[in-house]
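Please read the structure below before turning to the comments.
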Number of protein chains: 2
Amino acid sequence: MTISDGVGRRPGGRSARVRAAVRAATLSELAEKGYTALTVEGVATRSGVHKTTVYRRWGGIDGLIADALEMASEEPWPIPDTGSAAGDLRALARLVLTGFTEAAEAPVSTAFIAAATQSPAVADALRDFFASRHDQAARIVTRAVARGELPDGTDPAEVVRAAVAPLYYRLFVSREPVDATVADRAADAALAAARAGTLGQVGSG
Amino acid sequence: MTISDGVGRRPGGRSARVRAAVRAATLSELAEKGYTALTVEGVATRSGVHKTTVYRRWGGIDGLIADALEMASEEPWPIPDTGSAAGDLRALARLVLTGFTEAAEAPVSTAFIAAATQSPAVADALRDFFASRHDQAARIVTRAVARGELPDGTDPAEVVRAAVAPLYYRLFVSREPVDATVADRAADAALAAARAGTLGQVGSG
DNA sequence: GACTAATCGCAACTCGCGTTGCGTTATGAT
DNA sequence: ATCATAACGCAACGCGAGTTGCGATTAGTC
């Protein structure tokens, strides 16, 4: 479900305007009404684009969300650099926390996870999104290894996963409340596990 | 969305038969067609109960799933007892793994998580479900503490969360493949974090 | 600046979820 | 056995998502 990104047969003015308008409308509608209330007609009306056009180019709700997700994948993530692995991981976990609790972003972030459980297209987009996030956050770990804070052979992505997984677990699985304390604890636990060498590269640890 | 469990004004024969038939049909339909293809009419037809009755008593798809989830909450979880914390946690993580990869259970388990992202009623039922799971698995940690494998004051539920969270993270968030290696690693990391004292009770660690 | 084809707008339609009103059946009590 | 009523079955309806055919508009090309 990749919307032709300028590679289409007609990257010209109108098509580009339509895409931008629809993308913006999708995010706005999502932020205001949430995922369950998100409707193609709502996005169409808000964007000033006709319903039929949205269905033809995006296929439906799934396509709209997958497109928005691809757009989000390209935005850089402000990876923290506090000087220590503990500080960086805690800041990273808190970044995730705010992304799912702040009133402005939460509905959109939550929608991405929710939509992926129902649409393979969104699931694929989500996979790419988190692959990008893991890549970007990896520097936290490589820096820590270079400083000698973590053992050689530590798998950067694995440390990142361990630091944020408990937050997602509470948010979408066990449905328990999350706060800064939970975020810090998850980061600390990931760090401890990495120090113990349990998060090494596959085949070397 | 608690379906009157015998406390209704007419717990008699027919009502009970209807509930059992609908519950069984829900699980069967879920296992065969999955969550996105689950429809009230399908459950109604399969159970031999009329569509209107299902809507009246369960409210819709959400109610059906919430009811099935409450039913599942009551079933005991076969908590492993291998003799060591490492063995127990690994076995526990593999239990979660098979629950979401085995062809028989996976569609149902997955549906519970997916439905909770869209329905507050299911989300509540899921919260109760995992609270029960955490309670049951806690004995793994209390045993380990008693053996001296883990420090006093270790929060049992927190260790369990850490051991299974990476699996759920890959399954529903980052959408990465999961296997026994991933499960073992998550369990080992949780154990290391607990040994380091990062998973203590709130206020004491 | 004219031409061709892609893209969009529009209106009407299909289809299935969920609802409603009413008649029927089964339950629990007298 | 009789009765009141809770629970169910049934048919018909409303409503909104998604589709289709056609005409209008616009982008890219010569």
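Chain labels A, B, ... are given in the sequence in which chains occur in the structure tokens; within each chain residues are numbered consecutively from 1, and ligands are likewise numbered from 1 in the order shown.
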Residues of chain A within 9 Å of chain B: nearest atom pair and distance (Å, one decimal) for each, counting only C-alpha atoms, sorted by chain and number, as a Markdown table?
| residue | atom | partner | partner_atom | distance |
| --- | --- | --- | --- | --- |
| A:Tyr35 | CA | B:Gln118 | CA | 8.0 |
| A:Thr36 | CA | B:Gln118 | CA | 6.3 |
| A:Thr110 | CA | B:Thr117 | CA | 8.3 |
| A:Ala111 | CA | B:Thr117 | CA | 8.5 |
| A:Ile113 | CA | B:Val173 | CA | 6.3 |
| A:Ala114 | CA | B:Thr117 | CA | 5.4 |
| A:Ala115 | CA | B:Thr117 | CA | 8.7 |
| A:Ala116 | CA | B:Phe172 | CA | 7.8 |
| A:Thr117 | CA | B:Ala114 | CA | 5.5 |
| A:Gln118 | CA | B:Thr36 | CA | 6.3 |
| A:Ser119 | CA | B:Thr36 | CA | 8.7 |
| A:Ala123 | CA | B:Arg175 | CA | 6.8 |
| A:Asp124 | CA | B:Arg175 | CA | 7.7 |
| A:Leu126 | CA | B:Ser174 | CA | 6.6 |
| A:Arg127 | CA | B:Arg175 | CA | 5.2 |
| A:Asp128 | CA | B:Ser174 | CA | 8.2 |
| A:Phe129 | CA | B:Ser174 | CA | 7.9 |
| A:Phe130 | CA | B:Ser174 | CA | 5.3 |
| A:Ala131 | CA | B:Ser174 | CA | 7.4 |
| A:Arg161 | CA | B:Pro166 | CA | 6.7 |
| A:Ala162 | CA | B:Pro166 | CA | 6.3 |
| A:Val164 | CA | B:Tyr169 | CA | 8.5 |
| A:Ala165 | CA | B:Pro166 | CA | 5.3 |
| A:Pro166 | CA | B:Ala165 | CA | 5.3 |
| A:Leu167 | CA | B:Ala165 | CA | 8.4 |
| A:Tyr168 | CA | B:Tyr169 | CA | 6.6 |
| A:Tyr169 | CA | B:Ala165 | CA | 5.4 |
| A:Arg170 | CA | B:Ala165 | CA | 8.5 |
| A:Phe172 | CA | B:Thr117 | CA | 7.0 |
| A:Val173 | CA | B:Ile113 | CA | 6.3 |
| A:Ser174 | CA | B:Arg127 | CA | 5.3 |
| A:Arg175 | CA | B:Arg127 | CA | 5.2 |
| A:Glu176 | CA | B:Arg127 | CA | 6.9 |
| A:Arg185 | CA | B:Thr198 | CA | 6.8 |
| A:Ala186 | CA | B:Ala162 | CA | 8.1 |
| A:Asp188 | CA | B:Thr198 | CA | 6.4 |
| A:Ala189 | CA | B:Ala193 | CA | 4.9 |
| A:Ala190 | CA | B:Ala193 | CA | 7.0 |
| A:Leu191 | CA | B:Ala193 | CA | 8.0 |
| A:Ala192 | CA | B:Ala193 | CA | 5.1 |
| A:Ala193 | CA | B:Ala189 | CA | 4.9 |
| A:Ala194 | CA | B:Ala189 | CA | 7.6 |
| A:Arg195 | CA | B:Ala192 | CA | 8.8 |
| A:Ala196 | CA | B:Ala192 | CA | 6.4 |
| A:Gly197 | CA | B:Ala189 | CA | 8.6 |
| A:Thr198 | CA | B:Ala189 | CA | 5.5 |
| A:Leu199 | CA | B:Ala189 | CA | 7.0 |
Taking N, CA and C atoms for each residue, export the selection above as a short mmCIF file (atom, residue, chain, number, x, y, z; two decimals), in the first residue's frame.
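This is the output file again_14.cif:
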data_model
loop_
_atom_site.label_atom_id
_atom_site.label_comp_id
_atom_site.auth_asym_id
_atom_site.auth_seq_id
_atom_site.Cartn_x
_atom_site.Cartn_y
_atom_site.Cartn_z
N TYR A 35 -9.06 6.55 16.46
CA TYR A 35 -9.04 5.53 15.40
C TYR A 35 -10.40 4.92 15.13
N THR A 36 -11.11 4.57 16.17
CA THR A 36 -12.39 3.88 15.97
C THR A 36 -13.42 4.78 15.27
N THR A 110 -1.39 5.59 19.03
CA THR A 110 -2.22 4.44 19.39
C THR A 110 -2.90 3.85 18.17
N ALA A 111 -3.35 4.72 17.29
CA ALA A 111 -4.03 4.26 16.08
C ALA A 111 -3.11 3.38 15.23
N ILE A 113 -0.74 1.37 16.19
CA ILE A 113 -0.67 0.04 16.78
C ILE A 113 -1.98 -0.72 16.57
N ALA A 114 -3.07 -0.02 16.81
CA ALA A 114 -4.38 -0.66 16.70
C ALA A 114 -4.66 -1.10 15.26
N ALA A 115 -4.38 -0.23 14.32
CA ALA A 115 -4.68 -0.53 12.91
C ALA A 115 -3.85 -1.71 12.41
N ALA A 116 -2.64 -1.83 12.94
CA ALA A 116 -1.76 -2.91 12.50
C ALA A 116 -2.31 -4.28 12.89
N THR A 117 -3.12 -4.31 13.95
CA THR A 117 -3.67 -5.60 14.37
C THR A 117 -4.77 -6.07 13.42
N GLN A 118 -5.19 -5.20 12.52
CA GLN A 118 -6.28 -5.56 11.63
C GLN A 118 -5.91 -5.53 10.16
N SER A 119 -4.83 -4.85 9.86
CA SER A 119 -4.47 -4.70 8.45
C SER A 119 -3.01 -5.08 8.20
N ALA A 123 0.52 -3.27 9.21
CA ALA A 123 1.50 -4.04 9.96
C ALA A 123 2.87 -3.95 9.29
N ASP A 124 2.89 -4.04 7.98
CA ASP A 124 4.15 -3.91 7.25
C ASP A 124 4.76 -2.52 7.45
N LEU A 126 4.26 -0.59 9.89
CA LEU A 126 4.69 -0.47 11.29
C LEU A 126 6.03 -1.15 11.50
N ARG A 127 6.23 -2.28 10.83
CA ARG A 127 7.51 -2.97 10.91
C ARG A 127 8.64 -2.06 10.43
N ASP A 128 8.41 -1.43 9.32
CA ASP A 128 9.42 -0.51 8.79
C ASP A 128 9.66 0.65 9.74
N PHE A 129 8.56 1.15 10.29
CA PHE A 129 8.67 2.28 11.21
C PHE A 129 9.57 1.93 12.39
N PHE A 130 9.32 0.78 12.99
CA PHE A 130 10.11 0.44 14.18
C PHE A 130 11.52 0.00 13.82
N ALA A 131 11.71 -0.53 12.65
CA ALA A 131 13.07 -0.83 12.21
C ALA A 131 13.87 0.46 12.15
N ARG A 161 14.86 -2.56 22.51
CA ARG A 161 13.60 -3.29 22.67
C ARG A 161 13.31 -3.54 24.14
N ALA A 162 14.33 -3.99 24.88
CA ALA A 162 14.12 -4.30 26.29
C ALA A 162 13.74 -3.05 27.09
N VAL A 164 12.00 -0.43 26.04
CA VAL A 164 10.67 0.13 25.75
C VAL A 164 9.56 -0.91 25.80
N ALA A 165 9.91 -2.19 25.67
CA ALA A 165 8.88 -3.23 25.61
C ALA A 165 7.92 -3.22 26.79
N PRO A 166 8.42 -3.07 28.03
CA PRO A 166 7.48 -3.07 29.15
C PRO A 166 6.43 -1.96 29.07
N LEU A 167 6.80 -0.85 28.47
CA LEU A 167 5.82 0.23 28.32
C LEU A 167 4.71 -0.19 27.36
N TYR A 168 5.09 -0.71 26.22
CA TYR A 168 4.09 -1.16 25.26
C TYR A 168 3.25 -2.30 25.82
N TYR A 169 3.92 -3.15 26.59
CA TYR A 169 3.21 -4.27 27.20
C TYR A 169 2.08 -3.77 28.09
N ARG A 170 2.38 -2.79 28.91
CA ARG A 170 1.34 -2.25 29.79
C ARG A 170 0.29 -1.48 29.00
N PHE A 172 -0.73 -1.83 25.78
CA PHE A 172 -1.58 -2.53 24.82
C PHE A 172 -1.90 -3.98 25.16
N VAL A 173 -1.21 -4.52 26.15
CA VAL A 173 -1.44 -5.93 26.48
C VAL A 173 -2.08 -6.07 27.86
N SER A 174 -1.33 -5.77 28.89
CA SER A 174 -1.87 -5.95 30.24
C SER A 174 -2.78 -4.79 30.63
N ARG A 175 -2.74 -3.71 29.86
CA ARG A 175 -3.64 -2.57 30.08
C ARG A 175 -3.48 -1.96 31.46
N GLU A 176 -2.24 -1.87 31.91
CA GLU A 176 -1.96 -1.26 33.20
C GLU A 176 -1.50 0.18 32.99
N ARG A 185 12.17 2.42 35.25
CA ARG A 185 12.45 1.07 35.69
C ARG A 185 12.75 0.15 34.50
N ALA A 186 11.98 0.32 33.45
CA ALA A 186 12.21 -0.49 32.26
C ALA A 186 13.59 -0.21 31.67
N ASP A 188 16.20 0.95 33.31
CA ASP A 188 17.20 0.42 34.24
C ASP A 188 17.35 -1.09 34.09
N ALA A 189 16.23 -1.77 33.94
CA ALA A 189 16.26 -3.22 33.80
C ALA A 189 16.98 -3.62 32.51
N ALA A 190 16.71 -2.89 31.45
CA ALA A 190 17.38 -3.17 30.18
C ALA A 190 18.88 -2.99 30.31
N LEU A 191 19.25 -1.95 31.02
CA LEU A 191 20.67 -1.68 31.22
C LEU A 191 21.33 -2.80 32.03
N ALA A 192 20.66 -3.21 33.09
CA ALA A 192 21.19 -4.29 33.92
C ALA A 192 21.35 -5.58 33.12
N ALA A 193 20.35 -5.88 32.31
CA ALA A 193 20.40 -7.09 31.49
C ALA A 193 21.55 -7.02 30.49
N ALA A 194 21.74 -5.83 29.93
CA ALA A 194 22.82 -5.66 28.96
C ALA A 194 24.18 -5.79 29.64
N ARG A 195 24.29 -5.20 30.82
CA ARG A 195 25.56 -5.29 31.57
C ARG A 195 25.89 -6.75 31.88
N ALA A 196 24.85 -7.53 32.15
CA ALA A 196 25.07 -8.94 32.48
C ALA A 196 25.41 -9.77 31.24
N GLY A 197 25.34 -9.12 30.09
CA GLY A 197 25.71 -9.83 28.86
C GLY A 197 24.60 -10.68 28.27
N THR A 198 23.37 -10.50 28.74
CA THR A 198 22.27 -11.32 28.21
C THR A 198 21.67 -10.75 26.93
N LEU A 199 22.15 -9.57 26.52
CA LEU A 199 21.59 -8.96 25.31
C LEU A 199 22.65 -8.84 24.22
#
(request) May I have all residues of chain B that DSSP, computed from the backbone, assigns to alpha helix (DSSP H), given as a count of residues only? (result) 136
Can you list, as a JSON list (two decimals) with N, CA and C atoms, in the first residue's frame, every protein, DNA or RNA residue that comes within 6 Å of range 135-148 of chain B when you count only C-alpha atoms (C1' of nucleotides), leaving out same-chain residues fewer than 6 positions away?
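Result file follows (out_28.json):
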[["chain", "number", "residue", "atom", "x", "y", "z"],
["B", 85, "ALA", "N", 14.89, -20.58, 38.68],
["B", 85, "ALA", "CA", 14.23, -19.39, 38.15],
["B", 85, "ALA", "C", 14.46, -19.28, 36.65],
["B", 156, "PRO", "N", 7.36, -9.66, 42.08],
["B", 156, "PRO", "CA", 7.09, -10.83, 41.24],
["B", 156, "PRO", "C", 6.47, -10.47, 39.89],
["B", 157, "ALA", "N", 5.41, -9.68, 39.93],
["B", 157, "ALA", "CA", 4.74, -9.33, 38.67],
["B", 157, "ALA", "C", 5.68, -8.60, 37.72]]
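Close contacts of DG18 in chain D, defined as residues with an atom at most 12 Å away when counting only C-alpha atoms (C1' of nucleotides), with chain neighbours fewer than 5 positions off set aside, comprise Thr39, Val40, Glu41, Lys51, Thr52, Val54, Tyr55, Arg56, Gly59, Gly60 and Ile61 of chain A; DC13, DT14, DC15 and DG16 of chain C.
For chain D, the residues within 9 Å of chain A are DA17, DG18, DT19, DT26, DA27 and DG28 of chain D, with only C-alpha atoms (C1' of nucleotides) used to measure distance.
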Atoms to include: N, CA and C atoms (P, O5', C5', C4', C3', O3' and C1' of nucleotides). Write the selected residues as an mmCIF file, in the first residue's frame.
data_model
loop_
_atom_site.group_PDB
_atom_site.id
_atom_site.type_symbol
_atom_site.label_atom_id
_atom_site.label_comp_id
_atom_site.auth_asym_id
_atom_site.auth_seq_id
_atom_site.Cartn_x
_atom_site.Cartn_y
_atom_site.Cartn_z
ATOM 1 P P DA D 17 -19.768 5.848 7.181
ATOM 2 O "O5'" DA D 17 -18.812 4.695 6.649
ATOM 3 C "C5'" DA D 17 -18.742 3.473 7.360
ATOM 4 C "C4'" DA D 17 -18.615 2.302 6.395
ATOM 5 C "C3'" DA D 17 -17.479 2.469 5.385
ATOM 6 O "O3'" DA D 17 -16.763 1.241 5.286
ATOM 7 C "C1'" DA D 17 -19.530 2.090 4.258
ATOM 8 P P DG D 18 -15.275 1.256 4.657
ATOM 9 O "O5'" DG D 18 -15.554 0.948 3.115
ATOM 10 C "C5'" DG D 18 -15.932 -0.363 2.752
ATOM 11 C "C4'" DG D 18 -16.502 -0.363 1.355
ATOM 12 C "C3'" DG D 18 -15.547 0.108 0.236
ATOM 13 O "O3'" DG D 18 -15.343 -0.972 -0.672
ATOM 14 C "C1'" DG D 18 -17.724 0.989 -0.040
ATOM 15 P P DT D 19 -14.583 -0.712 -2.068
ATOM 16 O "O5'" DT D 19 -15.797 -0.591 -3.100
ATOM 17 C "C5'" DT D 19 -16.830 -1.562 -3.076
ATOM 18 C "C4'" DT D 19 -17.690 -1.441 -4.323
ATOM 19 C "C3'" DT D 19 -16.914 -1.254 -5.631
ATOM 20 O "O3'" DT D 19 -17.454 -2.124 -6.615
ATOM 21 C "C1'" DT D 19 -18.473 0.524 -5.357
ATOM 22 P P DT D 26 -9.343 22.501 -13.478
ATOM 23 O "O5'" DT D 26 -7.957 21.716 -13.542
ATOM 24 C "C5'" DT D 26 -7.714 20.655 -12.623
ATOM 25 C "C4'" DT D 26 -6.601 19.765 -13.145
ATOM 26 C "C3'" DT D 26 -5.348 20.515 -13.623
ATOM 27 O "O3'" DT D 26 -4.208 19.984 -12.986
ATOM 28 C "C1'" DT D 26 -6.023 18.917 -15.211
ATOM 29 P P DA D 27 -2.840 20.844 -12.850
ATOM 30 O "O5'" DA D 27 -1.755 19.771 -13.326
ATOM 31 C "C5'" DA D 27 -1.784 18.464 -12.771
ATOM 32 C "C4'" DA D 27 -1.111 17.473 -13.709
ATOM 33 C "C3'" DA D 27 0.263 17.929 -14.206
ATOM 34 O "O3'" DA D 27 1.167 16.845 -14.136
ATOM 35 C "C1'" DA D 27 -1.155 17.453 -16.048
ATOM 36 P P DG D 28 2.750 17.093 -14.221
ATOM 37 O "O5'" DG D 28 3.108 16.588 -15.688
ATOM 38 C "C5'" DG D 28 3.046 15.204 -15.974
ATOM 39 C "C4'" DG D 28 3.041 14.969 -17.480
ATOM 40 C "C3'" DG D 28 4.315 15.430 -18.213
ATOM 41 O "O3'" DG D 28 4.758 14.365 -19.044
ATOM 42 C "C1'" DG D 28 2.382 16.297 -19.279
#
(message) List as number ranges by chain the protein and nucleic acid residues near range 18-28 of chain B, meaning an atom at most 8 Å away when only C-alpha atoms (C1' of nucleotides) are counted, but skip any in the same chain fewer than 3 places from it.
(response) B: 14-15, 31-32, 43-44, 46-49, 54, 64-65, 67-68, 108
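Contact shell of Ala91 in chain B at 10 Å (only C-alpha atoms (C1' of nucleotides); same-chain neighbours under 6 positions omitted): Ile79, Pro80, Asp81, Thr82, Ala85, Leu97, Ala180, Ala183, Asp184 and Ala187 of chain B.
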Residues of the last selection are to be written out with N, CA and C atoms, as an mmCIF file, in the first residue's frame.
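Contents of again27.cif, freshly written:
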data_model
loop_
_atom_site.group_PDB
_atom_site.id
_atom_site.type_symbol
_atom_site.label_atom_id
_atom_site.label_comp_id
_atom_site.auth_asym_id
_atom_site.auth_seq_id
_atom_site.Cartn_x
_atom_site.Cartn_y
_atom_site.Cartn_z
ATOM 1 N N ILE B 79 1.565 -23.056 35.338
ATOM 2 C CA ILE B 79 2.838 -22.419 35.672
ATOM 3 C C ILE B 79 3.939 -23.470 35.784
ATOM 4 N N PRO B 80 5.021 -23.286 35.044
ATOM 5 C CA PRO B 80 6.117 -24.263 35.069
ATOM 6 C C PRO B 80 6.833 -24.288 36.417
ATOM 7 N N ASP B 81 7.402 -25.423 36.739
ATOM 8 C CA ASP B 81 8.177 -25.567 37.974
ATOM 9 C C ASP B 81 9.357 -26.478 37.681
ATOM 10 N N THR B 82 10.415 -25.893 37.163
ATOM 11 C CA THR B 82 11.564 -26.677 36.707
ATOM 12 C C THR B 82 12.640 -26.801 37.772
ATOM 13 N N ALA B 85 14.894 -20.576 38.678
ATOM 14 C CA ALA B 85 14.230 -19.394 38.147
ATOM 15 C C ALA B 85 14.457 -19.279 36.645
ATOM 16 N N LEU B 97 4.849 -17.754 23.965
ATOM 17 C CA LEU B 97 5.191 -17.889 22.549
ATOM 18 C C LEU B 97 4.243 -18.835 21.819
ATOM 19 N N ALA B 180 11.784 -19.436 19.753
ATOM 20 C CA ALA B 180 12.204 -19.864 21.084
ATOM 21 C C ALA B 180 13.438 -19.092 21.562
ATOM 22 N N ALA B 183 12.322 -15.930 23.031
ATOM 23 C CA ALA B 183 11.688 -16.181 24.325
ATOM 24 C C ALA B 183 12.739 -16.405 25.410
ATOM 25 N N ASP B 184 13.715 -17.254 25.124
ATOM 26 C CA ASP B 184 14.755 -17.547 26.107
ATOM 27 C C ASP B 184 15.529 -16.293 26.488
ATOM 28 N N ALA B 187 13.567 -14.078 28.777
ATOM 29 C CA ALA B 187 13.540 -14.644 30.128
ATOM 30 C C ALA B 187 14.878 -14.420 30.827
#
(request) Starting from chain C, keep only residues with some atom at most 12 Å from an atom of chain B, counting only C-alpha atoms (C1' of nucleotides), and report them as a PyMOL selection string. (result) chain C and resi 16-20+25-28
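Here the question is which of A:Gly42, A:Gly99, A:Asp62, A:Thr53 gets nearest to DG9 in chain C using only C-alpha atoms (C1' of nucleotides), and that residue is A:Thr53.
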(message) When you look at DT30 in chain C with a cut-off of 12 Å (counting only C-alpha atoms (C1' of nucleotides)), what residues show up, excluding the ones that are within fewer than 4 positions of it in the same chain? I need them as a PyMOL selection string.
(response) chain D and resi 1-4
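The coordinates place CA of Ser109 in chain A at 18.3 Å from CA of Val160 in chain A.
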